[in-house]
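Data block for start04.tsv (TSV, C-alpha atoms):
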chain	number	residue	atom	x	y	z
J	1	MET	CA	9.78	8.01	0.32
J	2	VAL	CA	9.88	4.27	-0.44
J	3	SER	CA	11.73	2.49	2.36
J	4	HIS	CA	12.57	-1.07	3.27
J	5	GLU	CA	9.50	-1.02	5.54
J	6	HIS	CA	7.23	-0.81	2.48
J	7	GLN	CA	8.81	-3.85	0.90
J	8	GLY	CA	6.93	-7.08	1.37
J	9	THR	CA	3.59	-5.22	1.46
J	10	THR	CA	0.97	-3.98	-1.00
J	11	SER	CA	-1.84	-1.46	-0.79
J	12	SER	CA	-4.96	-2.50	1.07
J	13	ALA	CA	-6.87	-1.47	-2.08
J	14	LEU	CA	-5.13	-4.22	-4.05
J	15	THR	CA	-5.94	-6.72	-1.30
J	16	ARG	CA	-9.60	-5.67	-1.29
J	17	LEU	CA	-9.64	-6.28	-5.03
J	18	SER	CA	-8.16	-9.76	-4.52
J	19	VAL	CA	-10.77	-10.59	-1.87
J	20	SER	CA	-13.57	-9.34	-4.13
J	21	SER	CA	-12.35	-11.54	-6.98
J	22	ALA	CA	-12.05	-14.54	-4.68
J	23	ARG	CA	-15.70	-14.07	-3.69
J	24	LEU	CA	-16.66	-13.71	-7.35
J	25	PHE	CA	-15.25	-17.18	-8.05
J	26	ASP	CA	-16.74	-18.68	-4.86
J	27	VAL	CA	-13.43	-19.31	-3.11
J	28	PRO	CA	-14.32	-20.45	0.46
J	29	PRO	CA	-13.37	-17.63	2.89
J	30	LYS	CA	-12.07	-20.16	5.43
J	31	GLY	CA	-9.01	-20.57	3.24
J	32	TYR	CA	-7.93	-16.93	3.54
J	33	ALA	CA	-9.99	-15.03	6.16
J	34	HIS	CA	-7.39	-15.67	8.87
J	35	LEU	CA	-4.51	-14.12	6.91
J	36	LEU	CA	-2.70	-11.03	8.18
J	37	GLY	CA	-4.25	-7.77	7.07
J	38	LEU	CA	-7.75	-9.09	6.38
J	39	ALA	CA	-9.38	-7.87	9.60
J	40	PRO	CA	-11.90	-5.15	8.59
J	41	GLU	CA	-10.04	-2.39	10.46
J	42	HIS	CA	-6.95	-3.10	8.34
J	43	LEU	CA	-8.47	-4.18	5.04
J	44	ASN	CA	-10.72	-1.10	4.89
J	45	ASP	CA	-8.03	1.36	5.99
J	46	ASP	CA	-6.20	2.91	3.02
J	47	LEU	CA	-3.27	3.80	5.28
J	48	CYS	CA	-2.57	0.12	5.96
J	49	ARG	CA	-0.35	-1.93	3.68
J	50	THR	CA	-1.13	-5.64	3.64
J	51	PRO	CA	1.58	-8.33	3.65
J	52	ALA	CA	2.25	-9.29	0.02
J	53	ALA	CA	2.04	-12.93	1.10
J	54	THR	CA	-1.64	-12.40	1.90
J	55	GLY	CA	-2.47	-11.26	-1.64
J	56	ILE	CA	-0.38	-14.05	-3.14
J	57	ARG	CA	-2.19	-16.69	-1.10
J	58	ILE	CA	-5.60	-15.35	-2.15
J	59	ALA	CA	-4.50	-15.46	-5.81
J	60	GLU	CA	-3.27	-19.03	-5.36
J	61	LEU	CA	-6.61	-20.11	-3.93
J	62	THR	CA	-8.52	-18.31	-6.68
J	63	THR	CA	-6.56	-19.92	-9.53
J	64	VAL	CA	-7.55	-23.31	-8.12
J	65	HIS	CA	-11.16	-22.35	-8.86
J	66	THR	CA	-10.71	-20.57	-12.20
J	67	PRO	CA	-8.05	-20.25	-14.95
J	68	TRP	CA	-5.52	-17.52	-14.31
J	69	THR	CA	-6.66	-15.73	-17.47
J	70	GLU	CA	-10.16	-15.35	-16.02
J	71	LEU	CA	-8.74	-13.94	-12.78
J	72	SER	CA	-6.69	-11.38	-14.74
J	73	VAL	CA	-9.82	-10.19	-16.50
J	74	ALA	CA	-11.92	-10.09	-13.32
J	75	LEU	CA	-9.32	-7.99	-11.52
J	76	ALA	CA	-9.09	-5.55	-14.43
J	77	GLN	CA	-12.85	-5.23	-14.78
J	78	GLN	CA	-13.21	-4.34	-11.09
J	79	SER	CA	-10.43	-1.72	-11.18
J	80	ASP	CA	-12.60	1.34	-11.70
J	81	PRO	CA	-10.97	4.80	-11.75
J	82	GLY	CA	-10.00	5.77	-8.20
J	83	THR	CA	-9.53	2.19	-7.01
J	84	PHE	CA	-5.89	2.99	-6.23
J	85	GLY	CA	-6.41	6.58	-5.20
J	86	VAL	CA	-3.75	9.08	-6.20
J	87	TRP	CA	-1.83	6.49	-8.24
J	88	ASP	CA	-4.71	6.28	-10.73
J	89	TYR	CA	-4.93	10.05	-11.10
J	90	LEU	CA	-1.20	10.38	-11.72
J	91	ILE	CA	-1.89	8.66	-15.04
J	92	THR	CA	-5.26	10.12	-15.97
J	93	SER	CA	-4.55	13.76	-15.05
J	94	ALA	CA	-1.07	14.27	-16.56
J	95	PRO	CA	-0.48	16.47	-19.66
J	96	THR	CA	-0.11	13.30	-21.78
J	97	PRO	CA	-0.79	9.62	-21.04
J	98	LEU	CA	2.94	8.87	-21.35
J	99	GLU	CA	3.89	11.53	-18.77
J	100	GLY	CA	1.29	10.12	-16.42
J	101	LEU	CA	2.65	6.63	-16.94
J	102	ARG	CA	6.16	7.81	-16.02
J	103	ASP	CA	4.79	9.17	-12.73
J	104	ALA	CA	2.95	5.90	-12.14
J	105	ALA	CA	6.20	3.98	-12.65
J	106	THR	CA	7.97	6.21	-10.13
J	107	TYR	CA	5.27	5.61	-7.52
J	108	ILE	CA	4.39	1.99	-8.27
J	109	ALA	CA	5.11	1.22	-4.59
J	110	ILE	CA	1.81	2.92	-3.71
J	111	VAL	CA	0.08	-0.14	-5.17
J	112	ALA	CA	2.55	-3.02	-5.41
J	113	ASP	CA	5.45	-4.60	-3.55
J	114	SER	CA	8.42	-2.70	-4.96
J	115	SER	CA	10.80	-5.49	-3.92
J	116	THR	CA	9.24	-7.89	-6.43
J	117	ASP	CA	7.32	-5.81	-9.00
J	118	ALA	CA	8.24	-2.85	-11.18
J	119	LEU	CA	6.81	-0.89	-14.11
J	120	ARG	CA	9.32	-0.07	-16.85
J	121	ILE	CA	8.87	2.10	-19.93
J	122	THR	CA	10.90	1.70	-23.13
J	123	GLU	CA	10.58	4.31	-25.89
J	124	ASP	CA	11.71	3.11	-29.31
J	125	GLY	CA	10.87	5.53	-32.08
J	126	ALA	CA	7.28	4.96	-33.11
J	127	HIS	CA	6.49	2.64	-30.17
J	128	VAL	CA	6.32	2.73	-26.39
J	129	THR	CA	6.57	-0.58	-24.53
J	130	ILE	CA	5.33	-0.91	-20.95
J	131	SER	CA	6.78	-3.86	-19.05
J	132	HIS	CA	5.59	-5.31	-15.77
J	133	VAL	CA	8.64	-6.88	-14.17
J	134	ASN	CA	8.21	-9.89	-11.89
J	135	GLN	CA	10.68	-12.75	-11.71
J	136	ALA	CA	8.26	-15.52	-10.65
J	137	ASP	CA	8.27	-18.74	-12.67
J	138	LEU	CA	6.25	-18.96	-15.90
J	139	THR	CA	4.21	-21.86	-14.54
J	140	TYR	CA	3.22	-20.10	-11.31
J	141	GLU	CA	-0.41	-19.33	-12.07
J	142	ALA	CA	-0.92	-16.77	-9.31
J	143	ALA	CA	1.93	-14.66	-10.73
J	144	CYS	CA	0.62	-15.17	-14.28
J	145	ALA	CA	-2.75	-13.79	-13.19
J	146	ILE	CA	-1.14	-10.69	-11.69
J	147	ARG	CA	1.00	-10.11	-14.79
J	148	GLY	CA	-1.99	-10.41	-17.08
J	149	TYR	CA	-3.99	-8.10	-14.82
J	150	ALA	CA	-1.21	-5.49	-14.63
J	151	LEU	CA	-1.15	-5.05	-18.41
J	152	GLY	CA	-4.94	-4.75	-18.46
J	153	LEU	CA	-4.79	-2.14	-15.70
J	154	TYR	CA	-2.16	-0.06	-17.52
J	155	GLN	CA	-4.16	-0.20	-20.74
J	156	ARG	CA	-7.35	0.81	-18.94
J	157	ARG	CA	-5.78	3.80	-17.19
J	158	LEU	CA	-4.07	5.02	-20.37
J	159	SER	CA	-7.36	4.72	-22.25
J	160	GLU	CA	-9.12	6.67	-19.51
J	161	ALA	CA	-6.47	9.38	-19.83
J	162	ALA	CA	-6.91	9.55	-23.61
J	163	GLN	CA	-10.71	9.27	-23.23
J	164	ARG	CA	-10.80	6.58	-25.91
J	165	ARG	CA	-9.83	2.93	-25.96
J	166	LEU	CA	-6.19	2.47	-26.90
J	167	VAL	CA	-5.48	-0.79	-28.70
J	168	PRO	CA	-1.98	-2.20	-28.28
J	169	VAL	CA	0.29	-3.10	-31.17
J	170	ARG	CA	1.59	-6.14	-29.32
J	171	VAL	CA	1.21	-7.97	-25.99
J	172	THR	CA	3.75	-10.41	-24.51
J	173	LEU	CA	3.26	-12.48	-21.39
J	174	ALA	CA	5.85	-14.32	-19.31
J	175	ALA	CA	3.30	-17.06	-18.72
J	176	LYS	CA	2.75	-20.58	-19.91
J	177	ALA	CA	0.36	-20.59	-22.86
J	178	PRO	CA	-3.17	-21.34	-21.62
J	179	ARG	CA	-5.55	-23.66	-23.46
J	180	ARG	CA	-7.80	-20.73	-24.24
J	181	HIS	CA	-7.14	-17.02	-24.06
J	182	GLU	CA	-10.24	-15.40	-25.57
J	183	ALA	CA	-10.79	-13.54	-22.30
J	184	LEU	CA	-7.37	-11.90	-22.57
J	185	ALA	CA	-7.89	-11.07	-26.24
J	186	GLU	CA	-11.11	-9.29	-25.30
J	187	LEU	CA	-9.43	-7.54	-22.36
J	188	TYR	CA	-6.57	-6.14	-24.47
J	189	GLY	CA	-8.55	-5.70	-27.69
J	190	THR	CA	-6.08	-7.77	-29.72
J	191	ARG	CA	-5.30	-11.40	-30.46
J	192	THR	CA	-1.63	-10.52	-30.98
J	193	ILE	CA	-0.52	-12.05	-27.69
J	194	ASP	CA	2.77	-13.92	-27.36
J	195	PHE	CA	2.98	-16.36	-24.43
J	196	GLU	CA	6.08	-17.84	-22.76
J	197	ALA	CA	7.86	-14.59	-23.63
J	198	PRO	CA	10.97	-13.39	-21.74
J	199	ASP	CA	9.00	-10.47	-20.30
J	200	THR	CA	5.47	-9.21	-19.73
J	201	SER	CA	4.75	-6.14	-21.82
J	202	ILE	CA	2.19	-4.16	-23.77
J	203	THR	CA	3.23	-1.94	-26.69
J	204	PHE	CA	1.40	1.13	-28.03
J	205	LEU	CA	2.04	3.64	-30.77
J	206	ALA	CA	4.06	6.50	-29.32
J	207	SER	CA	1.81	8.99	-31.11
J	208	GLU	CA	-1.18	7.79	-29.08
J	209	LEU	CA	0.57	8.12	-25.72
J	210	ASN	CA	2.02	11.55	-26.56
J	211	THR	CA	-1.33	13.07	-27.50
J	212	PRO	CA	-2.39	15.74	-24.95
J	213	THR	CA	-4.78	14.46	-22.30
J	214	PRO	CA	-8.18	16.15	-22.92
J	215	HIS	CA	-8.85	17.11	-19.29
J	216	ALA	CA	-5.30	17.84	-18.07
J	217	GLN	CA	-4.90	20.88	-15.79
J	218	PRO	CA	-1.63	22.84	-15.53
J	219	GLY	CA	0.20	22.14	-12.29
J	220	LEU	CA	-2.06	19.28	-11.23
J	221	SER	CA	0.60	16.60	-11.77
J	222	ALA	CA	2.95	18.35	-9.32
J	223	VAL	CA	0.19	18.40	-6.69
J	224	LEU	CA	-0.53	14.71	-7.25
J	225	ARG	CA	3.17	13.80	-6.96
J	226	ARG	CA	3.33	15.54	-3.58
J	227	HIS	CA	0.20	13.66	-2.53
J	228	ALA	CA	1.82	10.40	-3.67
J	229	GLU	CA	4.85	11.15	-1.50
J	230	GLN	CA	2.57	11.81	1.46
J	231	THR	CA	0.67	8.58	0.82
J	232	LEU	CA	3.87	6.57	1.11
J	233	ALA	CA	5.14	8.59	4.07
J	234	THR	CA	2.01	7.97	6.14
J	235	ALA	CA	1.50	4.32	5.14
J	236	ILE	CA	1.39	1.67	7.87
J	237	PRO	CA	3.09	-1.53	6.64
J	238	LEU	CA	1.71	-4.66	8.30
J	239	HIS	CA	4.47	-7.23	8.27
J	240	ASP	CA	3.52	-9.41	11.20
J	241	TRP	CA	1.14	-9.87	14.12
J	242	LEU	CA	2.88	-7.24	16.23
J	243	ASP	CA	2.32	-4.65	13.48
J	244	LEU	CA	-1.36	-5.52	13.50
J	245	PHE	CA	-1.53	-5.19	17.27
J	246	ARG	CA	0.21	-1.80	17.27
J	247	THR	CA	-2.15	-0.52	14.58
J	248	ALA	CA	-5.16	-1.65	16.64
J	249	LEU	CA	-3.69	-0.09	19.79
J	250	ALA	CA	-3.02	3.25	18.08
J	251	SER	CA	-6.54	3.30	16.64
J	252	ALA	CA	-8.07	2.54	20.05
J	253	HIS	CA	-5.89	5.21	21.65
J	254	GLU	CA	-7.15	7.82	19.17
J	255	GLU	CA	-10.69	6.93	20.24
J	256	ALA	CA	-9.82	7.01	23.95
J	257	ALA	CA	-10.52	3.28	24.16
J	258	ALA	CA	-7.03	1.87	24.64
J	259	THR	CA	-7.87	-0.78	27.21
J	260	LEU	CA	-6.68	-4.36	27.04
J	261	ALA	CA	-10.24	-5.63	26.61
J	262	ALA	CA	-11.07	-3.09	23.88
J	263	VAL	CA	-7.97	-3.89	21.81
J	264	ALA	CA	-8.54	-7.63	22.25
J	265	ARG	CA	-12.07	-7.18	20.88
J	266	ARG	CA	-10.70	-5.29	17.87
J	267	MET	CA	-8.36	-8.20	17.16
J	268	ALA	CA	-11.07	-10.81	17.77
J	269	VAL	CA	-9.13	-12.61	20.52
J	270	SER	CA	-9.49	-12.99	24.27
J	271	THR	CA	-7.48	-10.79	26.63
J	272	ARG	CA	-5.54	-13.86	27.76
J	273	THR	CA	-4.64	-14.77	24.16
J	274	LEU	CA	-3.60	-11.19	23.46
J	275	GLN	CA	-1.27	-11.14	26.46
J	276	ARG	CA	0.18	-14.50	25.48
J	277	ARG	CA	0.88	-13.32	21.93
J	278	LEU	CA	2.59	-10.19	23.25
J	279	ASP	CA	4.75	-12.37	25.48
J	280	GLU	CA	5.65	-14.52	22.46
J	281	HIS	CA	6.84	-11.35	20.71
J	282	GLY	CA	9.00	-10.32	23.66
J	283	THR	CA	6.85	-7.46	24.91
J	284	THR	CA	3.95	-6.71	27.27
J	285	TRP	CA	0.75	-4.70	27.26
J	286	ASN	CA	2.24	-2.09	29.59
J	287	ASN	CA	5.40	-1.75	27.50
J	288	GLU	CA	3.38	-1.22	24.32
J	289	VAL	CA	1.08	1.34	25.89
J	290	GLU	CA	4.04	3.26	27.29
J	291	SER	CA	5.86	3.17	23.94
J	292	LEU	CA	2.78	4.56	22.22
J	293	ARG	CA	2.43	7.30	24.84
J	294	ARG	CA	6.13	8.17	24.58
J	295	ALA	CA	5.94	8.54	20.80
J	296	ARG	CA	2.73	10.58	21.01
J	297	ILE	CA	4.01	12.90	23.75
J	298	THR	CA	7.31	13.48	21.98
J	299	ARG	CA	5.48	14.34	18.76
J	300	LEU	CA	3.09	16.74	20.54
J	301	LEU	CA	5.96	18.48	22.30
J	302	HIS	CA	7.96	18.89	19.10
J	303	ASP	CA	5.14	19.68	16.67
J	304	THR	CA	2.55	21.66	18.66
J	305	ASP	CA	2.31	24.50	21.17
J	306	LEU	CA	-0.08	22.61	23.47
J	307	GLY	CA	0.52	23.13	27.18
J	308	ILE	CA	1.74	20.30	29.42
J	309	ASP	CA	-1.70	19.89	31.03
J	310	ALA	CA	-3.35	19.49	27.61
J	311	ILE	CA	-0.74	16.98	26.44
J	312	ALA	CA	-1.14	14.98	29.66
J	313	ALA	CA	-4.90	14.83	29.16
J	314	ARG	CA	-4.53	13.73	25.52
J	315	SER	CA	-2.02	11.05	26.43
J	316	GLY	CA	-3.91	9.36	29.24
J	317	TYR	CA	-2.01	10.77	32.23
J	318	ALA	CA	-3.82	11.96	35.34
J	319	ASP	CA	-2.08	15.34	35.38
J	320	ALA	CA	1.00	17.28	34.28
J	321	ARG	CA	3.04	15.99	37.21
J	322	ALA	CA	2.56	12.37	36.09
J	323	LEU	CA	3.59	13.32	32.56
J	324	ARG	CA	6.74	15.08	33.84
J	325	ARG	CA	7.72	11.95	35.78
J	326	ALA	CA	7.26	9.84	32.66
J	327	VAL	CA	9.35	12.18	30.46
J	328	HIS	CA	12.11	12.21	33.05
J	329	ARG	CA	12.07	8.41	33.19
J	330	TRP	CA	12.33	8.16	29.39
J	331	TYR	CA	14.74	10.97	28.61
J	332	GLY	CA	16.22	12.17	31.90
J	333	THR	CA	14.92	15.69	31.27
J	334	THR	CA	11.78	17.84	31.52
J	335	PRO	CA	9.01	18.27	28.93
J	336	ALA	CA	10.04	21.90	28.40
J	337	ALA	CA	13.67	20.95	27.75
J	338	LEU	CA	12.59	18.13	25.42
J	339	ARG	CA	10.43	20.59	23.47
J	340	ARG	CA	13.33	23.06	23.11
J	341	SER	CA	15.77	20.37	22.01
J	342	GLY	CA	13.37	19.03	19.40
J	343	ARG	CA	12.79	22.45	17.87
J	344	ALA	CA	16.48	23.27	17.93
J	345	THR	CA	17.13	20.08	15.98
J	346	ASP	CA	14.42	21.01	13.46
J	347	ARG	CA	16.08	24.40	12.89
J	348	ARG	CA	19.50	22.81	12.36
J	349	VAL	CA	18.16	20.31	9.87
J	350	SER	CA	16.29	22.96	7.87
J	351	VAL	CA	19.31	25.25	7.30
J	352	PRO	CA	20.45	24.87	3.65
J	353	GLY	CA	23.81	23.18	3.47
J	354	ALA	CA	23.89	22.41	7.19
J	355	THR	CA	24.94	18.99	8.49
J	356	LEU	CA	22.35	17.06	10.45
J	357	GLY	CA	22.88	17.82	14.11
J	358	ALA	CA	25.86	20.11	13.45

Kindly return the structure encoded in the file as structure tokens.
Amino acid sequence: MVSHEHQGTTSSALTRLSVSSARLFDVPPKGYAHLLGLAPEHLNDDLCRTPAATGIRIAELTTVHTPWTELSVALAQQSDPGTFGVWDYLITSAPTPLEGLRDAATYIAIVADSSTDALRITEDGAHVTISHVNQADLTYEAACAIRGYALGLYQRRLSEAAQRRLVPVRVTLAAKAPRRHEALAELYGTRTIDFEAPDTSITFLASELNTPTPHAQPGLSAVLRRHAEQTLATAIPLHDWLDLFRTALASAHEEAAATLAAVARRMAVSTRTLQRRLDEHGTTWNNEVESLRRARITRLLHDTDLGIDAIAARSGYADARALRRAVHRWYGTTPAALRRSGRATDRRVSVPGATLGA
């Protein structure tokens, strides 16, 4: 379910964590409050995915105020179970911690930007090494903080799965050696930390990660994997201002408040500024409203048995006749014919071995 649209974005949960840490270290909000994805309706919506650049900028500002090692620890300490929703429970509810970790690696895009970060697992006899892959430079403190945090997060979730603290055999960090790293030693539970290493990794005894999880339930992992797929499928990546506008418009439409003034208020701008920004992006208010209605009407015709009058009322049209005129303008056909064609397509796609649209 991971697509190119997810790339360049991270979960809003990770962004909330970054904002919380910035506040903890007294980073002035004026340096980041204007960034894309930080409006409350986006930051507090788990369906929204924040631009990765937003999280990176917050980390940059925070490492100006505190050593990157301290930021790593603060992020890990605030990452309570459930912070990342289903991704957390993939690890803690699997038959063994290692099986849960494999699922977490598969669905790392739920949390991170899969175009720049990955979780890799290497099994070598008595040891299992977990690597957090990120190609940023060793001297880039914001990336160092995220690497250090990632290892702490993996260790915490594995320990929660095992219901006891797991102490690593070895930790390596692709980061320039800091002057002091007592905070990291306390975070990982070991002073065996190698800095300026070729990769960022944490190694455990395989026997510890293969021990059955005390509270595992048969079949639960399969349910959680399906939920993870759905989480990615329904995510709303926010790449630019137009994404933010369309999210605000859709939300207002769901609440029957899709007026220019209402959406402008949601985006904290004047109606004139909103119209100007739309013009800068090559679109207009009317075009966006019609596109939203078209998508909604098409979905209701294909996926529900609602009558034309009901769909018209839900979509903001005065009556069924107005909706029929709109459908004819968009597709050159009637709502009834559009509904039949959509369901015929669904039947063709669902036939095993059939070719799409054959």

Of the residues J:Glu208, J:Arg147, J:Ala105, J:Thr259, which is the one nearest to J:Trp285, using only C-alpha atoms?
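Looking at the shortest contact to J:Trp285, the residue is J:Thr259.
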
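Minimum atom-to-atom distance to J:Ala112, evaluated using all atoms listed in the file, belongs to J:Thr15 out of J:Arg272, J:Thr15, J:Leu338, J:Val27.
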
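Restricting the calculation to only C-alpha atoms, the smallest distance between J:Ile56 and any of J:Ile146, J:Leu43, J:Asp88, J:Ala104 is found for J:Ile146.
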
Would you compute the distance between atom CA of J:Leu323 and atom CA of J:Ala257? Give it in Å to one decimal.
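Pair atom CA of J:Leu323 / atom CA of J:Ala257 returns 19.2 Å.
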
Tell me, in Å to one decimal, how far atom CA of J:Tyr317 is from atom CA of J:Ala261.
19.2 Å

Between atom CA of J:Leu209 and atom CA of J:Leu98 lies a distance of 5.0 Å

List the spatial neighbours of J:Pro81 as a PDB file with C-alpha atoms, in the coordinates of the input - criterion: any atom at most 10 Å away, only C-alpha atoms, same-chain residues fewer than 4 positions off excluded.
ATOM      1  CA  GLY J  85      -6.410   6.580  -5.200  1.00  0.00           C
ATOM      2  CA  TRP J  87      -1.830   6.490  -8.240  1.00  0.00           C
ATOM      3  CA  ASP J  88      -4.710   6.280 -10.730  1.00  0.00           C
ATOM      4  CA  TYR J  89      -4.930  10.050 -11.100  1.00  0.00           C
ATOM      5  CA  THR J  92      -5.260  10.120 -15.970  1.00  0.00           C
ATOM      6  CA  ARG J 156      -7.350   0.810 -18.940  1.00  0.00           C
ATOM      7  CA  ARG J 157      -5.780   3.800 -17.190  1.00  0.00           C
ATOM      8  CA  GLU J 160      -9.120   6.670 -19.510  1.00  0.00           C
TER       9      GLU J 160
END

Skip J:Leu205 itself and residues of its chain fewer than 2 positions away, then list as a ChimeraX atom specification all residues within 9 Å of it, counting all atoms listed in the file.
/J:126-129,167-169,203,207-210

Pick out the closest residue to J:Ala295 from this set: J:Leu274, J:Val327, J:Val111, J:Ile58. Count all atoms listed in the file.
J:Val327

Leaving out J:Tyr140 and any residue of its chain fewer than 5 positions from it, which residues lie within 9 Å of it when counting only C-alpha atoms, given as a ChimeraX atom specification?
/J:60,145,175-176

Among listed residues J:Val263, J:Leu278, J:Leu300, J:Ala258, nearest J:Ala336 (using all atoms listed in the file)
J:Leu300

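Distance annotation: of J:Arg294, J:Ser315, J:Gly37, J:Gly82, the residue with the minimal separation from J:Thr247 is J:Gly37; atom set is all atoms listed in the file.
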
As an MDAnalysis selection string, please: the residues near J:Ser79 (cut-off 8 Å, all atoms listed in the file, same-chain neighbours under 4 positions excluded).
chainID J and resid 17 75 83 153

Surrounding residues of J:Ser72 excluding itself and chain neighbours under 5 positions, 9 Å, all atoms listed in the file, as a PyMOL selection string:
chain J and resi 67+77+144-150+152+183-184+187

Provide an axis-aligned box for all listed atoms of stretch 30-39 of chain J, padding each side by 6 Å; report its centre and its edge lengths in Å to one decimal, as JSON.
{"center_x": -7.4, "center_y": -14.2, "center_z": 6.4, "size_x": 21.4, "size_y": 24.8, "size_z": 18.4}

Taking the partial coordinates given, rebuild stretch 92-98 of chain J to contain all heavy atoms; return it as an mmCIF file, in the coordinates of the input.
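New file selection16.cif:
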data_model
loop_
_atom_site.group_PDB
_atom_site.id
_atom_site.type_symbol
_atom_site.label_atom_id
_atom_site.label_comp_id
_atom_site.auth_asym_id
_atom_site.auth_seq_id
_atom_site.Cartn_x
_atom_site.Cartn_y
_atom_site.Cartn_z
ATOM 1 N N THR J 92 -4.137 9.544 -15.220
ATOM 2 C CA THR J 92 -5.260 10.120 -15.970
ATOM 3 C C THR J 92 -5.288 11.640 -15.992
ATOM 4 O O THR J 92 -6.018 12.223 -16.791
ATOM 5 C CB THR J 92 -6.586 9.608 -15.396
ATOM 6 O OG1 THR J 92 -6.687 9.979 -14.010
ATOM 7 C CG2 THR J 92 -6.679 8.091 -15.510
ATOM 8 N N SER J 93 -4.486 12.296 -15.140
ATOM 9 C CA SER J 93 -4.550 13.760 -15.050
ATOM 10 C C SER J 93 -3.287 14.450 -15.558
ATOM 11 O O SER J 93 -3.192 15.677 -15.490
ATOM 12 C CB SER J 93 -4.803 14.191 -13.600
ATOM 13 O OG SER J 93 -6.002 13.630 -13.116
ATOM 14 N N ALA J 94 -2.324 13.692 -16.076
ATOM 15 C CA ALA J 94 -1.070 14.270 -16.560
ATOM 16 C C ALA J 94 -1.286 14.954 -17.916
ATOM 17 O O ALA J 94 -2.278 14.704 -18.600
ATOM 18 C CB ALA J 94 -0.009 13.184 -16.669
ATOM 19 N N PRO J 95 -0.347 15.799 -18.354
ATOM 20 C CA PRO J 95 -0.480 16.470 -19.660
ATOM 21 C C PRO J 95 -0.637 15.506 -20.832
ATOM 22 O O PRO J 95 -1.353 15.789 -21.794
ATOM 23 C CB PRO J 95 0.812 17.286 -19.767
ATOM 24 C CG PRO J 95 1.176 17.577 -18.344
ATOM 25 C CD PRO J 95 0.795 16.332 -17.590
ATOM 26 N N THR J 96 0.059 14.345 -20.771
ATOM 27 C CA THR J 96 -0.110 13.300 -21.780
ATOM 28 C C THR J 96 -0.180 11.951 -21.065
ATOM 29 O O THR J 96 0.334 11.820 -19.943
ATOM 30 C CB THR J 96 1.056 13.253 -22.778
ATOM 31 O OG1 THR J 96 2.245 12.835 -22.091
ATOM 32 C CG2 THR J 96 1.289 14.614 -23.426
ATOM 33 N N PRO J 97 -0.777 10.937 -21.675
ATOM 34 C CA PRO J 97 -0.790 9.620 -21.040
ATOM 35 C C PRO J 97 0.606 9.110 -20.711
ATOM 36 O O PRO J 97 0.807 8.484 -19.659
ATOM 37 C CB PRO J 97 -1.488 8.744 -22.082
ATOM 38 C CG PRO J 97 -2.386 9.677 -22.814
ATOM 39 C CD PRO J 97 -1.606 10.960 -22.901
ATOM 40 N N LEU J 98 1.580 9.361 -21.589
ATOM 41 C CA LEU J 98 2.940 8.870 -21.350
ATOM 42 C C LEU J 98 3.552 9.541 -20.125
ATOM 43 O O LEU J 98 4.204 8.872 -19.305
ATOM 44 C CB LEU J 98 3.809 9.107 -22.579
ATOM 45 C CG LEU J 98 5.257 8.605 -22.470
ATOM 46 C CD1 LEU J 98 5.301 7.123 -22.130
ATOM 47 C CD2 LEU J 98 6.026 8.887 -23.766
#
